[in-house]
Structure formats: C-alpha cells, structure tokens
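Scroll down for the structure; my scribbles are underneath it.
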Amino acid sequence: MTDWQDEVEINASTYEWSVRVFSTIKRLLSVNIKMHHDRGQVADGEIFLFNHFARFETFIPQYLIYQETGVYCRSVAAAEFFTGDDTLTHYLLGVGAVRHNYPRLIPYLAEEILRGHKVIIFPEGGMVKDRRSQDERGRYSIYSRSALERRKHHTGAAVLSLAVDILKHSILHAMEENDQPLVEHWLQKLAIKDSEALHKVVTRPSTIVPANITFYPMRVSDNLLHSAFELVNRGISRRLSEELLIEGNILLKHTDMDIHLGDILYSRDYWSWWVKPIVRQLAPHMESLDELLTRERPHPSLKHRLLVSRLRQNALRLRNDYMQAIYSEVTLNLSHLASLVIYQLLEREQQAVDIDLFHRTLYLAVKAVQKTHHINLHRSLRDADCYSTLVTGRCTGLEQFFLTSAQLELVEQEGNHYLFMPKLRIEHEFDQIRLENMIEVYANEARPVAGLNGIIREAISRAPKVTPKQVADFLFDDELIAYHWDKANFSKPRHREMNSRETATQSGEPLMILPQKPNRLGIVLVHGFLASPAEVKPFAEKLGHLGFAVIAPRLKGHGTSPWDLRERSWKDWLASLQRACHIMQQHCEDYCLTGFSTGGALSLLQAAEQPDGLAAVVSISTPIKFVNRNMIFVPLVHHANRLTRWFSSYEGIMPFRTNETEHPDINYRAMPLHSLFELRLMVGQLNKRLADIHCPALLIQGDQDPVVVPDSANLVYKKISSTDKRVEFVESRRHGILYENIGNTQGMIIQYLKVIESRLAAESDSQEQAALEFQQPV
C-alpha cells in the first residue's frame with residue numbers, strides 16, 4: 001500500500017452498517033458486554049486505551065463509543081491485515097482502521113482528533129494471554145512474541161496525546177497572533193468550517209482514557225466454534241486451537257465482558273512550565289507535526305530538538321501512568337481472589353488447605369474489597385446472593401472455579417482439604433498458559449490492583465481467628481447489601497412507571513437489634529406478604545428494650561419493587577428466613593420464630609424442619625384459608641400469564657392487580673399475580689408439614705379477619721404435633737393485629753416469650769446442677 005491510501009475518510013454507510021451487524025451478532029452471542037463510566041470519559045476522551053486478551057475485543061470499543069456519542073473512531077491495526085487492494089483492506093479503511101506502521105501515523109491521528117474523531121489504541125501491541133503485566137520487581141512489562149522476551153509497553157499513545165497538545169497550542173497561538181495564512185491553512189487541512197469552530201477544538205484539553213477489559217468466567221472446555229473449525233481444517237496449529245477454545249467459550253458460553261473506563265489523564269499535566277514558550281516560538285513555522293516528529297535526522301533548531309526531547313521524556317512518564325491505570329481498572333471477581341489466596345498459600349510453602357478455612361478466607365477477602373472504593377467489583381461480588389453462601393452453603397461461582405481447576409489438574413479435593421498440585425508452579429508456554437493454568441492467569445490479572453495483595457494477606461491471617469459472631473455480623477451486612485442491590489436492580493426505566501405509583505414510604509431494610517447484654521432467647525421476627533421489615537419494626541424495638549436480640553429479615557422481593565417480588569418464589573422467602581435464623585444462632589443459644597401472616601406460615605414451615613436452637617414458634621394470622629374466594633382462580637391466571645409471556649413481548653393478561661392495603665406506607669400497592677400463586681404453593685406445602693412441628697407454639701388470630709379465614713388458626717392447632725400449644729383469638733375486624741397491637745397482641749407475645757425464656761433458664765440451671773452432682777465424688 002502507498003502511504004496516501006492510508007488517509008481515507010471513514011465511510012459513513014460502511015461504519016453504520018458494521019454497527020448494525022455487530023448489534024445483531026451481539027444479541028445472538030452469549031457474551032454480556034457492559035461499559036462502566038460515570039465521569040464523562042466517553043464524551044471528553046480523545047484517545048481510549050485498552051488491554052488486549054482476545055482478538056474479537058478489538059472491534060467492540062468503537063462500537064460502544066459510537067452507540068453513546070455518534071462519533072466515529074479511528075483505530076490502529078496490525079499492518080498484516082492491509083495486504084493490498086482487496087476487500088478486507090478497503091473495509092478496514094472504511095471503518096477507520098490505520099495500519100500500525102504507517103509513517104505518518106502520529107501526525108495523521110493527531111489531525112483526525114482535531115477533526116472530531118476519537119482514537120482507539122491497544123498499547124500492549126498484541127494479546128497478553130498470561131495477563132502478566134509486571135516483572136518480579138513490580139515494574140510494568142509484557143511478553144513480546146516477536147522478541148521472545150519481556151519488554152516495556154509502547155509509548156505511541158502518549159506521544160500522540162502530547163503531539164495533539166503541541167498542535168493545539170501552536171494553532172491557538174496562530175489565532176491569537178492573527179496569523180491569518182496559518183489559520184487558513186489549518187482550517188482547510190482539518191476541514192473545519194470557520195475560526196470559531198477551530199478555536200473551540202484547540203481549546204479543548206488533550207485527553208487519554210485508560211480502560212480495562214475483563215472477562216468472567218474464563219473456561220477451557222471444548223465449544224462449537226473450536227469443534228467446527230477442527231472438523232473443516234485438520235491439523236490446526238496449537239496457537240490457533242488455543243485461541244478458538246478460549247475465545248469460542250467467551251462468545252458462546254455465558255461470559256461477562258466488563259469494560260471499566262478509568263479517570264481521564266490530561267496531557268497538559270505532563271509538560272514543564274517552560275515548554276509553552278517554546279511552542280509559541282515554533283508555532284509560526286508549524287504547518288504539520290511531521291517535521292517535529294521525524295526520526296530520520298536531527299532538526300537544526302535547538303528549540304525543536306529540546307521540544308522533541310522533552311516530548312519523548314514526558315511520553316515515558318505518561319505511558320507509565322496510563323498503563324498502571326489500565327491494569328488497576330480490572331473488574332475483580334471471585335476467581336481473582338481465590339487465585340491470589342492459592343498463590344499466597346503456596347508462597348508460604350502450604351500444599352493443602354482446609355476447605356472451610358479456605359472458604360472463610362475468601363469470604364473475608366470479599367468483605368474487605370467491598371470497603372475498598374478504588375477497586376472495581378464484578379456484580380457477583382456486589383450481589384450478596386452470589387457470594388454469601390461461601391460460609392453458609394454452596395457457592396456456584398467457586399464450584400465452577402474448582403471444577404475448571406480440577407479439569408486442568410491444578411487443585412484436587414481430598415476429604416476436607418483442597419490439595420495444590422505441582423502443576424501450579426510450572427512455567428507454561430505463552431500460547432498455552434490459558435489452557436494449562438487459568439489460576440495463574442487470574443492471579444496475574446489481579447496483582448496490579450493497589451492494596452489487593454495486602455487484603456489477601458490479612459484475610460489469610462484473620463480467617464483462623466474470626467469468631468462465628470463476627471461472621472454473623474458480616475452476613476447481616478450482606479442482607480443490607482442485598483436490599484440495596486435488589487432495589488437498584490428493579491429501579492430501572494422499565495420499572496419506573498409502576499414504582500412511581502407505589503405508596504410505601506418506610507424503608508424496606510432488614511433490621512437487627514443486639515442489646516449489650518442480650519437475653520438468652522433471641523427473636524426472629526418475620527413480616528407478612530407485600531410488606532417489609534417496617535411492618536414489625538415497632539414491635540422489634542419494643543422487644544429490644546426488654547433485652548431480646550431481634551433480627552427482622554426482609555423476605556426476598558419485598559421492600560423494593562413489585563417487579564422484584566414478581567421474580568421470586570416462596571422458597572426464596574423461606575431462604576431469607578433461614579439466613580436470619582443462622583445469624584441469630586451465632587448471637588443467642590436459643591431463638592423463637594415469630595411471624596405475621598405469610599411470615600407466620602414461613603415460621604411454621606421452618607419449625608417443621610426441627611432446627612437446632614429453636615425454642616418456640618409464634619404465628620399470627622396464619623394464612624391457611626383465604627376470605628377472598630377468587631384465590632381459587634390464581635393458578636389459572638398465573639399459567640395464562642406465563643403462556644402470554646412465552647409467545648409475545650407482553651407481560652401477561654393480568655401480571656399485577658391493585659392491593660387495597662391497610663398500611664399503604666408499608667405494603668406494595670401493586671400485587672404480582674405470580675406471587676399470589678407462590679403464596680398458594682407455600683400454603684399447600686405448609687399443610688403437608690404441620691404434623692412435623694413439635695416445638696412449643698402460640699397461635700394468635702383475629703376473630704373477624706378480612707383476609708384470613710379465622711378458623712385457619714384452629715386448623716393449624718389441630719394438625720401440629722406440639723404438646724405445648726395454644727391458640728388465642730382477639731376481637732378484630734382488621735388483619736394487621738400485630739402492627740396495630742389490636743387486643744394487646746404484642747403484650748400477649750411478650751408474656752409468652754418471657755415464659756419460654758424462664759423455662760430455658762430453669763432447664764439450664766437444672767442441667768448445671770446435674771453436672772455438678774455428677775462431678776462430686778461418691
């Protein structure tokens with residue numbers, strides 16, 4: 001190709017066609033692309049820099065920027081793609097690509113920036129498959145396939161930004177000096193309509209936006225793309241096979257591609273004070289940047305040489321800063337943390353670790369990074385549902401990590417321990433490391449994040465000493481995090497109209513009250529259907545003043561948006577209750593489940609599991625039968641809604657109905673029909689399990705309840721197997737007898753709790769006395 005052919009105007013129709021094609025392909029693929037920024041980076045950025053891990057990612061930034069701004073982007077591409085006067089070459093030129101070895105690359109891109117285009121550069125110069133960006137001394141460098149050794153990153157982007165700054169200053173000086181011929185020269189060269197528009201361009205700051213692309217999770221299993229290619233092309237190279245496996249999995253299996261844009265870097269911050277006067281003196285003679293940036297021969301002017309020397313020195317400093325920023329913007333995920341824990345344990349010569357201890361270490365690391373505001377967290381580390389099970393059950397993300405690790409023969413599970421295999425310490429080839437040791441790739445990617453290695457060290461040190469109560473406090477913090485996450489997730493534009501009609505004003509946050517010297521008996525206090533912990537908050541505070549530790553969980557889907565509730569099942573509600581029981585057990589030896597309406601039904605369901613530490617259950621206004629006979633039609637409407645959603649974009653024939661609530665400041669106004677269906681399922685399950693309840697039980701019911709058939713309490717009383725049980729009716733035409741304290745419902749419960757507390761104390765004294773007698777000699 002001749003040089004003049006590189007300077008081709010972007011073809012608007014080709015560019016926009018490409019955007020439409022990519023939009024279509026994106027919908028068909030399984031990669032979930034999100035670009036994160038909140039400080040005007042896309043609008044104000046001129047040069048955008050990205051790390052490079054996969055081939056296909058080089059097409060994505062310009063598409064996203066165009067979507068947000070409508071601005072075309074220039075990008076720097078490898079010269080090997082520009083092979084001559086062929087279709088690919090013309091296409092690449094049409095969508096703004098420029099070959100990396102074009103002699104006028106820097107001057108041309110600088111001029112394009114002044115013409116209003118943005119520039120995309122991958123400063124690593126090639127894919128960094130091992131994600132290793134630092135050497136043993138922490139200095140930034142990457143492996144070069146061509147040189148077969150590690151090298152510093154390219155400075156081209158830094159030189160470009162500083163050159164743009166010089167060009168802007170020189171044109172601005174010409175305008176200030178009323179050098180009309182030179183101004184006219186630049187107006188024509190840049191195709192800018194008038195001096196006013198040119199002045200606006202050259203007074204804008206020259207900027208670089210460092211950005212990081214992170215993929216999660218990374219998989220090494222076979223995929224359709226790799227299998228099909230091997231079928232057609234027998235004997236493909238190991239390098240191509242590896243790339244098809246890794247990138248095929250990213251594209252075809254659900255993978256998050258997070259692009260975090262860092263803080264804008266301003267070129268003006270990298271110039272010394274004395275540079276501007278030199279630019280002013282050189283400005284009258286500067287009709288292009290070519291002469292300034294040529295390396296072919298030293299310029300006769302001392303000022304030229306001094307300016308160029310300073311430019312290249314400042315470019316090194318700017319390069320170091322933007323590379324550090326790129327690697328610091330990684331989107332941290334659970335696999336990063338797990339990989340760093342493993343390698344730090346290996347550095348301590350530890351070849352195995354107790355599974356529970358590893359999970360606890362990882363959980364403490366998650367809680368620590370959540371408080372470190374400069375670290376970008378993947379949504380799985382911000383959504384408590386994804387990680388809190390590290391210490392309470394099965395964590396899907398960690399299971400996937402160890403499944404891949406076992407496939408690669410990196411970590412094995414033996415009994416209650418994870419065993420670290422020797423392969424973790426082996427150095428692998430650059431083109432094979434993603435297939436052989438994904439744990440090292442994750443660790444390399446995360447290491448440059450400031451403070452992260454210290455957080456991992458602290459978690460490893462703290463994990464053996466952390467108490468169950470401390471873990472429980474973290475778990476309650478997760479309940480608060482989950483509330484805010486769910487509320488934000490269901491406050492998007494599509495939810496706004498219905499949310500705006502909601503009347504609930506009280507906070508839906510879960511609640512925990514821990515007196516300094518709590519009673520032996522703790523209370524798990526559960527709100528009802530469509531409500532939130534605000535419904536039981538006044539009673540919880542009353543119990544707290546009496547010395548009871550109280551936790552009031554938020555049943556999933558409640559206290560946020562009716563859209564949220566619509567996505568939940570009754571099992572999600574029960575899981576919320578069970579998490580609260582686990583937290584309370586770490587603070588009190590025994591606890592009582594106390595629930596209102598649906599909360600009461602869930603409390604009975606949990607009591608049927610006969611969990612350790614459960615002393616009694618109190619259920620108020622238990623919904624076994626409903627006054628509204630239309631409840632029998634709920635399954636029919638629910639299935640009609642599902643059918644409608646399957647075959648159309650509509651949400652259903654009746655997705656919500658209006659709820660005439662007694663407490664509009666607490667309850668949802670819109671009631672999802674799906675949730676009524678789940679309520680019926682839950683009641684059906686409770687009917688099957690009532691006989692499994694053996695603990696002491698108190699049932700309280702309003703005698704003229706407008707929602708629950710009053711005889712429901714008698715039905716529960718007859719079916720439960722408890723020998724210590726009683727049912728109390730209060731005179732009330734209202735459903736909310738607990739919140740409104742009708743018939744002294746709260747006092748009745750408090751008196752019952754005191755009886756249970758006294759009984760527990762007496763049993764404890766009796767056991768202690770028996771123990772003392774046993775220890776006395778005969």
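Lettering and numbering for the structure tokens are positional, with chains as A, B, ... in the shown order, residues counted from 1 in each chain, and ligands counted from 1 in the shown order.
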If you count only C-alpha atoms, which residues fall within 10 Å of segment 716-721 of chain A, apart from same-chain ones fewer than 6 positions away, as a PyMOL selection string? chain A and resi 601+604+608+619+622-624+686-699+727
Write down as JSON, numbers by chain the residues belonging to segment 204-384 of chain A that are assigned strand (DSSP E or B) by DSSP computed on the backbone. {"A": [207, 208, 209, 210, 211, 212, 213, 214, 215, 216, 255, 256, 257, 258, 259, 260, 261, 265, 266, 331, 332, 352, 353, 354, 376, 377]}
Residues of the last selection are to be written out with C-alpha atoms, as an mmCIF file, in the first residue's frame.
data_model
loop_
_atom_site.group_PDB
_atom_site.id
_atom_site.type_symbol
_atom_site.label_atom_id
_atom_site.label_comp_id
_atom_site.auth_asym_id
_atom_site.auth_seq_id
_atom_site.Cartn_x
_atom_site.Cartn_y
_atom_site.Cartn_z
ATOM 1 C CA THR A 207 -7.075 13.651 26.975
ATOM 2 C CA ILE A 208 -6.392 9.943 27.367
ATOM 3 C CA VAL A 209 -8.899 7.495 28.853
ATOM 4 C CA PRO A 210 -7.276 4.291 30.205
ATOM 5 C CA ALA A 211 -9.666 1.346 30.252
ATOM 6 C CA ASN A 212 -9.638 -2.312 31.229
ATOM 7 C CA ILE A 213 -11.477 -5.203 29.598
ATOM 8 C CA THR A 214 -12.142 -8.155 31.945
ATOM 9 C CA PHE A 215 -13.790 -11.462 31.028
ATOM 10 C CA TYR A 216 -15.521 -13.670 33.608
ATOM 11 C CA THR A 255 -19.485 -14.683 29.851
ATOM 12 C CA ASP A 256 -19.407 -11.162 31.251
ATOM 13 C CA MET A 257 -17.212 -8.665 29.393
ATOM 14 C CA ASP A 258 -16.783 -5.671 31.690
ATOM 15 C CA ILE A 259 -15.098 -2.548 30.354
ATOM 16 C CA HIS A 260 -14.171 -0.074 33.074
ATOM 17 C CA LEU A 261 -13.081 3.388 31.976
ATOM 18 C CA LEU A 265 -5.463 11.771 32.015
ATOM 19 C CA TYR A 266 -4.702 15.290 30.754
ATOM 20 C CA THR A 331 -13.098 -5.853 37.256
ATOM 21 C CA LEU A 332 -12.333 -8.037 40.255
ATOM 22 C CA ALA A 352 -3.095 -28.015 51.146
ATOM 23 C CA VAL A 353 -5.784 -26.073 52.992
ATOM 24 C CA ASP A 354 -8.881 -26.980 54.983
ATOM 25 C CA ASN A 376 -13.956 -2.274 40.594
ATOM 26 C CA LEU A 377 -16.039 -5.259 41.660
#
Of the candidates A:Val707, A:Ala158, A:Val536, A:Ala531, which one gets nearest to Pro664 of chain A if we count only C-alpha atoms? A:Ala531
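Taking atom CA of Val76 of chain A as the reference point, atom CA of Glu429 of chain A is found at 27.4 Å.
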Can you work out the spacing between atom CA of Met682 of chain A and atom CA of Lys571 of chain A in Å, to one decimal?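 Taking atom CA of Met682 of chain A and atom CA of Lys571 of chain A, their separation equals 8.0 Å.
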For a quick check of understanding, using only C-alpha atoms, which of A:Arg99, A:Trp563, A:Pro205, A:Val128 has the smallest distance to Gly84 of chain A? A:Arg99
My list of candidates is A:Ala365, A:Thr203, A:Glu609, A:Asn51. Which is closest to Glu445 of chain A when distances are computed with only C-alpha atoms?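 Between A:Ala365, A:Thr203, A:Glu609, A:Asn51, the residue approaching Glu445 of chain A most closely is A:Asn51.
Separating atom CA of Gly40 of chain A from atom CA of Asp269 of chain A is a distance of 18.6 Å.
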Which polymer residues have any atom within 9 Å of an atom of Ser380 of chain A, counting only C-alpha atoms, with same-chain residues fewer than 6 positions away left out, as a PyMOL selection string? chain A and resi 333-334+386-387+397
Please produce an output containing N, CA and C atoms for each residue in the selection, written as a PDB file, in the first residue's frame.
ATOM      1  N   ASN A 333     -13.196 -10.301  40.384  1.00  0.00           N
ATOM      2  CA  ASN A 333     -14.216 -11.324  40.602  1.00  0.00           C
ATOM      3  C   ASN A 333     -13.716 -12.378  41.587  1.00  0.00           C
ATOM      4  N   LEU A 334     -14.572 -13.339  41.893  1.00  0.00           N
ATOM      5  CA  LEU A 334     -14.260 -14.350  42.904  1.00  0.00           C
ATOM      6  C   LEU A 334     -13.060 -15.198  42.498  1.00  0.00           C
ATOM      7  N   CYS A 386     -24.757 -14.044  45.468  1.00  0.00           N
ATOM      8  CA  CYS A 386     -23.747 -14.789  44.702  1.00  0.00           C
ATOM      9  C   CYS A 386     -22.574 -15.257  45.557  1.00  0.00           C
ATOM     10  N   TYR A 387     -22.283 -14.562  46.668  1.00  0.00           N
ATOM     11  CA  TYR A 387     -21.057 -14.906  47.404  1.00  0.00           C
ATOM     12  C   TYR A 387     -21.274 -15.256  48.877  1.00  0.00           C
ATOM     13  N   GLY A 397     -20.237 -19.848  41.975  1.00  0.00           N
ATOM     14  CA  GLY A 397     -19.044 -19.287  41.335  1.00  0.00           C
ATOM     15  C   GLY A 397     -17.780 -20.017  41.743  1.00  0.00           C
TER      16      GLY A 397
END
Could you pull the residues within 12 Å of His100 of chain A, counting only C-alpha atoms, minus those fewer than 5 positions along the same chain, as a ChimeraX atom specification? /A:3,6,74-82,105-106,108-109,120-123,125-126,154,156-157
Residue neighbourhood segment 736-743 of chain A, 8 Å, only C-alpha atoms, exclusion window fewer than 4 positions, as a PyMOL selection string: chain A and resi 535-536+538-539+596+620+662+702+730-732
